[in-house]
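Right, one structure below, let's go through it.
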Amino acid sequence: MPIFTIIRWVYVAINIALIVGLYLNLRRMGWKRKWSAGVCLLPVALSLAFPAARLLEGNEPWVRSMAFAGTFWLSFVLHTLLLLVLLGMFCCCNRIFHWMRITPERAPHWRNLAFLGVMGGAFCVSLLGWTNAQQPSVRELRLETAVTRPLRVVALSDLHLGRLVSPAYFSRLIDAIQPLRPDMLLLAGDILDDYHGLDTRAMRADLARLQLPLGVWGVLGNHEYIAGDAENSHRLLEAGGIRILRDEWADVDGKVLLVGRDDDSRKRFTGEARKTLPEILADAPAILRQQPMIVLDHQPFRLEESEAVGAFLQFSGHTHNGQLFPFNFVVRWIYENAHGYSRRGQTHYWVSAGAGTWGPRVRTTSRPEIVLIQIESAP
C-alpha cells in the first residue's frame with residue numbers, strides 16, 4: 001500500500017477519534033445532544049476543507065480561505081494529539097507519585113479543565129506557529145576561497161508559492177533581501193507548490209527590484225513535479241525571471257561555476273534518472289573547474305557526491321527542518337544534515353529550513369530563513 005494512502009487513512013482515523021472525543025466531552029459537560037452535534041459539525045467541515053481545496057480549480061478568495069482553514073486544522077490536530085500524549089503521561093505519573101490528589105467529587109471539574117486546556121493550547125500553539133511563519137530571519141554563512149573579489153550570495157529554498165504562500169509574501173521576502181545587497185540569488189527547488197496562485201509577472205517585477213549583477217538561478221524540487229508537468233513548471237519559473245538549471249552547469253560571469261541538479265524524484269515521475277555530477281561536468285572546461293563550484297541540489301541526499309567532484313559549496317533545502325515539532329527529529333534521523341551548516345573535506349554544505357511552508361502556514365521548529373552566503377578571498 002502506498003505511503004500516502006496509509007497517511008490519508010491515518011488522518012481520517014485521527015479526525016474521527018477527535019470528533020467523537022469532542023462530542024463525548026461536550027455531553028459530559030452537560031451540553032444537550034443537538035448542541036454537541038452542532039459544534040462537532042465545524043471540525044467535520046475543517047477536516048474535509050484541505051482535501052476539498054486540493055481538488056478544486058481556481059484561486060478565488062473562498063478557495064484560498066478553505067485551503068488555509070483546512071491546513072490550519074492539520075496543525076491544530078497535530079498539537080491536540082501532542083498535548084493529549086503529554087496529559088496522558090502526566091496522569092500516569094500522577095498515579096505513581098501522587099502529585100495531585102483528585103477526589104471523585106472534583107474529577108469532573110479537572111476533566112473539563114483538561115479538555116479546555118488541550119483545545120485552547122493546541123489553538124494557541126498553532127496561532128503562534130502561524131505568526132512565526134510570517135517572520136523570515138536572515139542566517140549568515142562566511143566562507144573563504146580563491147575569488148578575485150568578495151561575493152554576496154542570497155539563497156532560498158522551499159518557497160512553495162501558490163494558494164497558501166502568496167505573491168505578497170514573496171514581495172515581502174524581496175523587501176527583506178534588498179538591504180543585503182546580494183550579487184546573485186539562488187533558489188534551491190520547491191519554488192512553487194501549485195499553479196493557481198502563481199503570478200509570474202509580479203515575480204519578475206519583484207526580482208528586478210534586486211538589480212542582481214550575477215542574476216537569479218534556480219533548480220526544480222519535487223513539488224515542481226507534484227504540481228503537474230515539470231516542463232510547465234520550468235517554463236513558468238523562467239517566465240518569472242529565474243534561470244533554471246536542470247542537470248547542467250553555468251559559468252557565472254567568470255566568478256562561479258554553478259551546477260544545478262534536477263530533483264532526485266525525477267525518476268519516480270518520469271522513469272528517467274537524473275545525471276550524476278561527473279556526467280554533468282563532463283563537458284566543463286578545465287579552466288572553469290578552477291573557479292569556486294556551487295552545487296544546487298534540492299534534496300540533501302548523498303552529500304559525498306559533491307565532495308567527490310571538488311565542489312566548494314552545496315546548497316539544499318527540502319527538509320523544512322521538520323516545520324512542525326516533532327518532525328524535526330524525524331528529518332534528523334533521515335538526513336546526514338537536516339538543517340544548517342556541515343562540512344565534508346573541503347566542501348561546505350548548507351541545508352535550509354526553507355523560506356515558505358508546505359501544508360499549514362505554521363512553523364514551530366524554526367523561522368523561515370533567508371541565507372546570506374558571503375564568499376571572501378582566502379588570505
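Residue numbering restarts at 1 in every chain; chains get A, B, ... in the order shown in the C-alpha cells, and ligands count up from 1 in that same order.
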
message: Set the distance at 12 Å and use only C-alpha atoms: which residues neighbour Phe72 (chain A) once local chain neighbours fewer than 4 positions away are removed? I'd like the list as a VMD selection string.
response: chain A and resid 43 46 to 47 49 to 50 65 to 68 76 to 79 122 to 130 164 324 357 to 363

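For Gly356 (chain A), the set of protein, DNA and RNA residues having any atom at most 7 Å away, when counting only C-alpha atoms and skipping those fewer than 6 positions along the same chain, is A:Asp158, A:Leu159, A:His160, A:Val165, A:Pro368.
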
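Coordinates place CA of Gln323 (chain A) at a distance of 26.2 Å from CA of Asp206 (chain A).
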
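Take the candidates A:Ile370, A:Gly218, A:Thr364, A:Glu144 and check each one against Gln346 (chain A) using only C-alpha atoms; the shortest distance goes to A:Glu144.
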
Distance query Leu313 (chain A) at most 8 Å, only C-alpha atoms, self and fewer than 3 positions along chain excluded, as a PDB file with C-alpha atoms, in the first residue's frame:
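As written to disk, result.pdb reads:
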```
ATOM      1  CA  MET A 293      31.890  25.418  -7.697  1.00  0.00           C
ATOM      2  CA  ILE A 294      28.460  25.857  -6.138  1.00  0.00           C
ATOM      3  CA  VAL A 295      26.023  22.935  -6.437  1.00  0.00           C
ATOM      4  CA  THR A 347      33.202  21.020   0.649  1.00  0.00           C
ATOM      5  CA  HIS A 348      30.792  23.186   2.635  1.00  0.00           C
ATOM      6  CA  TYR A 349      27.073  22.376   2.909  1.00  0.00           C
ATOM      7  CA  TRP A 350      24.050  24.365   3.937  1.00  0.00           C
TER       8      TRP A 350
END
```

task: Looking only at alpha helix (DSSP H) from DSSP on the backbone, list the matching residues of region 135-306 of chain A as a ChimeraX atom specification.
output: /A:167-177,200-208,222-226,230-239,266-270,277-280,304-306

Got time to write the residues from that selection, C-alpha atoms, as a PDB file, in the first residue's frame?
```pdb
ATOM      1  CA  PRO A 167       2.829  36.761  -4.212  1.00  0.00           C
ATOM      2  CA  ALA A 168       2.511  39.325  -1.401  1.00  0.00           C
ATOM      3  CA  TYR A 169       4.674  37.137   0.860  1.00  0.00           C
ATOM      4  CA  PHE A 170       7.240  36.743  -1.938  1.00  0.00           C
ATOM      5  CA  SER A 171       7.316  40.537  -2.289  1.00  0.00           C
ATOM      6  CA  ARG A 172       7.996  40.819   1.466  1.00  0.00           C
ATOM      7  CA  LEU A 173      10.909  38.409   1.104  1.00  0.00           C
ATOM      8  CA  ILE A 174      12.354  40.603  -1.644  1.00  0.00           C
ATOM      9  CA  ASP A 175      11.955  43.631   0.654  1.00  0.00           C
ATOM     10  CA  ALA A 176      13.987  41.769   3.292  1.00  0.00           C
ATOM     11  CA  ILE A 177      16.663  40.755   0.756  1.00  0.00           C
ATOM     12  CA  THR A 200       4.924  35.231 -12.838  1.00  0.00           C
ATOM     13  CA  ARG A 201       4.679  38.908 -13.847  1.00  0.00           C
ATOM     14  CA  ALA A 202       4.686  40.010 -10.203  1.00  0.00           C
ATOM     15  CA  MET A 203       7.569  37.621  -9.510  1.00  0.00           C
ATOM     16  CA  ARG A 204       9.651  39.047 -12.364  1.00  0.00           C
ATOM     17  CA  ALA A 205       8.914  42.614 -11.240  1.00  0.00           C
ATOM     18  CA  ASP A 206       9.908  41.817  -7.641  1.00  0.00           C
ATOM     19  CA  LEU A 207      13.149  40.112  -8.692  1.00  0.00           C
ATOM     20  CA  ALA A 208      14.001  43.069 -10.950  1.00  0.00           C
ATOM     21  CA  ASN A 222       9.930  17.532  -6.035  1.00  0.00           C
ATOM     22  CA  HIS A 223       6.934  19.904  -5.825  1.00  0.00           C
ATOM     23  CA  GLU A 224       7.637  21.257  -9.303  1.00  0.00           C
ATOM     24  CA  TYR A 225       6.892  17.674 -10.392  1.00  0.00           C
ATOM     25  CA  ILE A 226       3.971  17.172  -7.965  1.00  0.00           C
ATOM     26  CA  ALA A 230       7.789  19.578 -14.718  1.00  0.00           C
ATOM     27  CA  GLU A 231       8.288  21.173 -18.137  1.00  0.00           C
ATOM     28  CA  ASN A 232       5.405  23.540 -17.421  1.00  0.00           C
ATOM     29  CA  SER A 233       6.872  24.351 -14.002  1.00  0.00           C
ATOM     30  CA  HIS A 234      10.189  25.063 -15.723  1.00  0.00           C
ATOM     31  CA  ARG A 235       8.564  27.439 -18.231  1.00  0.00           C
ATOM     32  CA  LEU A 236       6.598  29.297 -15.554  1.00  0.00           C
ATOM     33  CA  LEU A 237       9.653  29.835 -13.363  1.00  0.00           C
ATOM     34  CA  GLU A 238      11.725  31.121 -16.257  1.00  0.00           C
ATOM     35  CA  ALA A 239       8.833  33.413 -17.200  1.00  0.00           C
ATOM     36  CA  ARG A 266      12.663  12.812 -11.381  1.00  0.00           C
ATOM     37  CA  LYS A 267      12.883   9.038 -11.861  1.00  0.00           C
ATOM     38  CA  ARG A 268       9.712   8.465  -9.839  1.00  0.00           C
ATOM     39  CA  PHE A 269       7.745  10.854 -12.050  1.00  0.00           C
ATOM     40  CA  THR A 270       9.323  10.284 -15.463  1.00  0.00           C
ATOM     41  CA  LEU A 277      27.630  15.155 -11.112  1.00  0.00           C
ATOM     42  CA  PRO A 278      30.567  13.734 -13.167  1.00  0.00           C
ATOM     43  CA  GLU A 279      28.187  13.390 -16.141  1.00  0.00           C
ATOM     44  CA  ILE A 280      27.000  16.979 -15.753  1.00  0.00           C
ATOM     45  CA  GLU A 304      29.570  12.713  -0.689  1.00  0.00           C
ATOM     46  CA  GLU A 305      28.887  13.248  -4.410  1.00  0.00           C
ATOM     47  CA  SER A 306      29.610  16.984  -4.225  1.00  0.00           C
TER      48      SER A 306
END
```

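Considering only C-alpha atoms, the residue among A:Phe97, A:Tyr11, A:Phe301, A:Phe312 positioned nearest to Leu48 (chain A) is A:Tyr11.
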
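The space separating CA of Val154 (chain A) from CA of Val351 (chain A) comes to 13.4 Å.
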
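Using only C-alpha atoms, the shortest contact distance between Val331 (chain A) and any of A:Pro300, A:Gly197, A:Thr148, A:Ala311 is found at A:Pro300.
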
query: Leaving out Pro150 (chain A) and any residue of its chain fewer than 5 positions from it, which residues lie within 10 Å of it when counting only C-alpha atoms, given as number ranges by chain?
result: A: 143-145, 183, 255, 374-378

message: Write out as a PyMOL selection string the set of residues from region 39-249 of chain A that DSSP, computed on the backbone, places in strand (DSSP E).
response: chain A and resi 137-145+151-156+184-188+216-219+243-244+248-249

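Counting only C-alpha atoms and comparing A:Cys40, A:Leu81, A:Val147, A:Leu26, the residue that lies closest to Arg111 (chain A) is A:Leu26.
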
task: Write out as a list in words the residues lying within 7 Å of Asp247 (chain A), counting only C-alpha atoms and excluding same-chain residues fewer than 5 positions away.
output: Gly260, Arg261, Asp262, Lys275 and Ile280 of chain A

Keeping only C-alpha atoms, write the selected residues to a file as a PDB file, in the first residue's frame.
```
ATOM      1  CA  GLY A 260      22.123  22.845 -10.984  1.00  0.00           C
ATOM      2  CA  ARG A 261      20.862  19.306 -10.463  1.00  0.00           C
ATOM      3  CA  ASP A 262      17.421  18.106 -11.456  1.00  0.00           C
ATOM      4  CA  LYS A 275      22.548  12.709 -14.363  1.00  0.00           C
ATOM      5  CA  ILE A 280      27.000  16.979 -15.753  1.00  0.00           C
TER       6      ILE A 280
END
```

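Shortest atom-to-atom contact with Leu18 (chain A) among A:Ala107, A:Leu186, A:Val256, A:Val44: A:Val44, counting only C-alpha atoms.
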
- prompt: Could you pull the residues within 10 Å of Met29 (chain A), counting only C-alpha atoms, minus those fewer than 5 positions along the same chain, as a PyMOL selection string?
  reply: chain A and resi 23-24+36+108-109+111-112

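When only C-alpha atoms are used to measure the gap to Gly340 (chain A), the shortest distance among A:Arg302, A:Arg274, A:Arg139, A:Arg28 belongs to A:Arg139.
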